[in-house]
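Asks: Handing you a structure now.
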Amino acid sequence: MDAAQQEATARARELQRNWYGEPLGALFRRLIEDLGLNQARLAGVLGLSAPMLSQLMSGQRAKIGNPAVVQRVQQLQELSGQVADGSVSAAEATERMDEIKKSQGGSVLTNTGQTSTGSGAPTVKRVVREIQSLLRSVSAAGEIIEASDALAATHPELAEFLRVYGAGRTSDAVAHYQAHQS
C-alpha cells in the first residue's frame, strides 16, 4: 500500500471512529467473535455484500450509507453485550440475529447526529445506547468500573453513572435514565 492509500485508510478509520465510536474493522471483528459469526454471515445479517463489509473493515470505505444497516449494527452491538453478560443464550442470539436481519430499521441518524423515530424525538433507549457506546469507545468495562470505584466515596452519583452506563446492561441504564429525568 502506498503512502496516499495509507493516508486515505487512516482518514477513513478516523471518520469511522467519529461516526461509530470506533473503526468498523474493530467493531465488526468484535461482533464476529462475540456472536460466533464469520464475515459472510455478518454481512448477511447486516444486509451488506461481503465485498462492502470487507471495504468497511479495511478502511477502503468510511461510511455505511444505508440507515437500516447502521441500525442493524447497533442492534448487533446490544445483542453482543447481552451474550457477553449471559442474559441471552447462543440459541436466543441466533434467533435474534434472524430477526435483526429482517428488520428494516425504525430510526435513522439525521445529518445533525440525532436519532429520529419519525416523531422528531430520540427514544430513551437510543439516547442510552449512544451514551453507552461513547463510554465504551473511550475505555473498557473493567477500567470504567475501576474509575467508578475510585469516585464512589467522593462522587457517588457520578460513580453510579459510570458503572450503569459504562459497564451495565442497556435495560438498567434505561431505568436509571428514566429515574433521573424530571
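We label chains A, B, ... in the order they appear in the C-alpha cells, count residues from 1 in each chain, and number ligands from 1 in the order shown.
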With DSSP run on the backbone, what are the strand (DSSP E or B) residues within segment 35-174 of chain A? I'd like them as a PDB file with C-alpha atoms, in the first residue's frame.

Replies:
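Output file states_17.pdb is given in full below:
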```pdb
ATOM      1  CA  VAL A 108     -32.404   6.943  11.259  1.00  0.00           C
ATOM      2  CA  LEU A 109     -29.429   9.094  12.097  1.00  0.00           C
ATOM      3  CA  THR A 115     -31.633   9.775  16.074  1.00  0.00           C
ATOM      4  CA  SER A 116     -35.143  10.151  14.799  1.00  0.00           C
TER       5      SER A 116
END
```

Asks: What's around segment 41-48 of chain A at 8 Å? Count only C-alpha atoms, leave out sequence neighbours fewer than 4 positions away in its own chain, and write the answer as a PyMOL selection string.

Replies: chain A and resi 32+37+52-53+69+72-73+97-98+100-101

Asks: Just write the chosen residues, C-alpha atoms, as a PDB file, in the first residue's frame.

Replies:
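Final file, again_25.pdb:
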```
ATOM      1  CA  ILE A  32     -17.844 -11.754  14.767  1.00  0.00           C
ATOM      2  CA  LEU A  37     -20.080 -15.460  13.155  1.00  0.00           C
ATOM      3  CA  MET A  52     -18.700  -3.957   1.047  1.00  0.00           C
ATOM      4  CA  LEU A  53     -18.178  -5.383   4.550  1.00  0.00           C
ATOM      5  CA  VAL A  69     -27.748  -1.227   8.155  1.00  0.00           C
ATOM      6  CA  ARG A  72     -28.701  -3.410  12.492  1.00  0.00           C
ATOM      7  CA  VAL A  73     -25.092  -2.767  13.573  1.00  0.00           C
ATOM      8  CA  MET A  97     -29.913 -12.286  14.551  1.00  0.00           C
ATOM      9  CA  ASP A  98     -32.514 -13.680  12.168  1.00  0.00           C
ATOM     10  CA  ILE A 100     -32.344  -8.301  13.058  1.00  0.00           C
ATOM     11  CA  LYS A 101     -31.591  -9.447   9.508  1.00  0.00           C
TER      12      LYS A 101
END
```

Asks: Quick one: residues within 7 Å of Ala159 of chain A, only C-alpha atoms counted, chain neighbours fewer than 6 positions away excluded, as a PDB file with C-alpha atoms, in the first residue's frame?

Replies:
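Once everything was written out, this is part08.pdb:
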```pdb
ATOM      1  CA  SER A 148     -16.307   4.247  39.299  1.00  0.00           C
ATOM      2  CA  ASP A 149     -14.840   2.611  42.408  1.00  0.00           C
ATOM      3  CA  LEU A 151     -15.052   8.057  42.597  1.00  0.00           C
ATOM      4  CA  ALA A 152     -17.578   6.241  44.804  1.00  0.00           C
TER       5      ALA A 152
END
```

Asks: Pick from A:Gln75, A:Ser58, A:Asn66, A:Ser87: nearest to Ala8 of chain A, with only C-alpha atoms counted?

Replies: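 Looking only at the distances to Ala8 of chain A, the closest residue turns out to be A:Ser58.
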
Asks: Can you pull out the residues contacting segment 128-133 of chain A? Cut-off 9 Å, using only C-alpha atoms, and skip same-chain residues under 2 positions away; I want them as JSON, numbers by chain.

Replies: {"A": [20, 21, 74, 78, 123, 124, 125, 126, 135, 136, 137, 138, 164, 165, 166, 167, 168, 170, 173, 174, 177]}

Asks: Give the answer as one residue: which of A:Gln77, A:Arg30, A:Met1, A:Gln55 has the shortest atom-to-atom distance to Arg13 of chain A, using only C-alpha atoms?

Replies: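 Nearest to Arg13 of chain A: A:Gln55.
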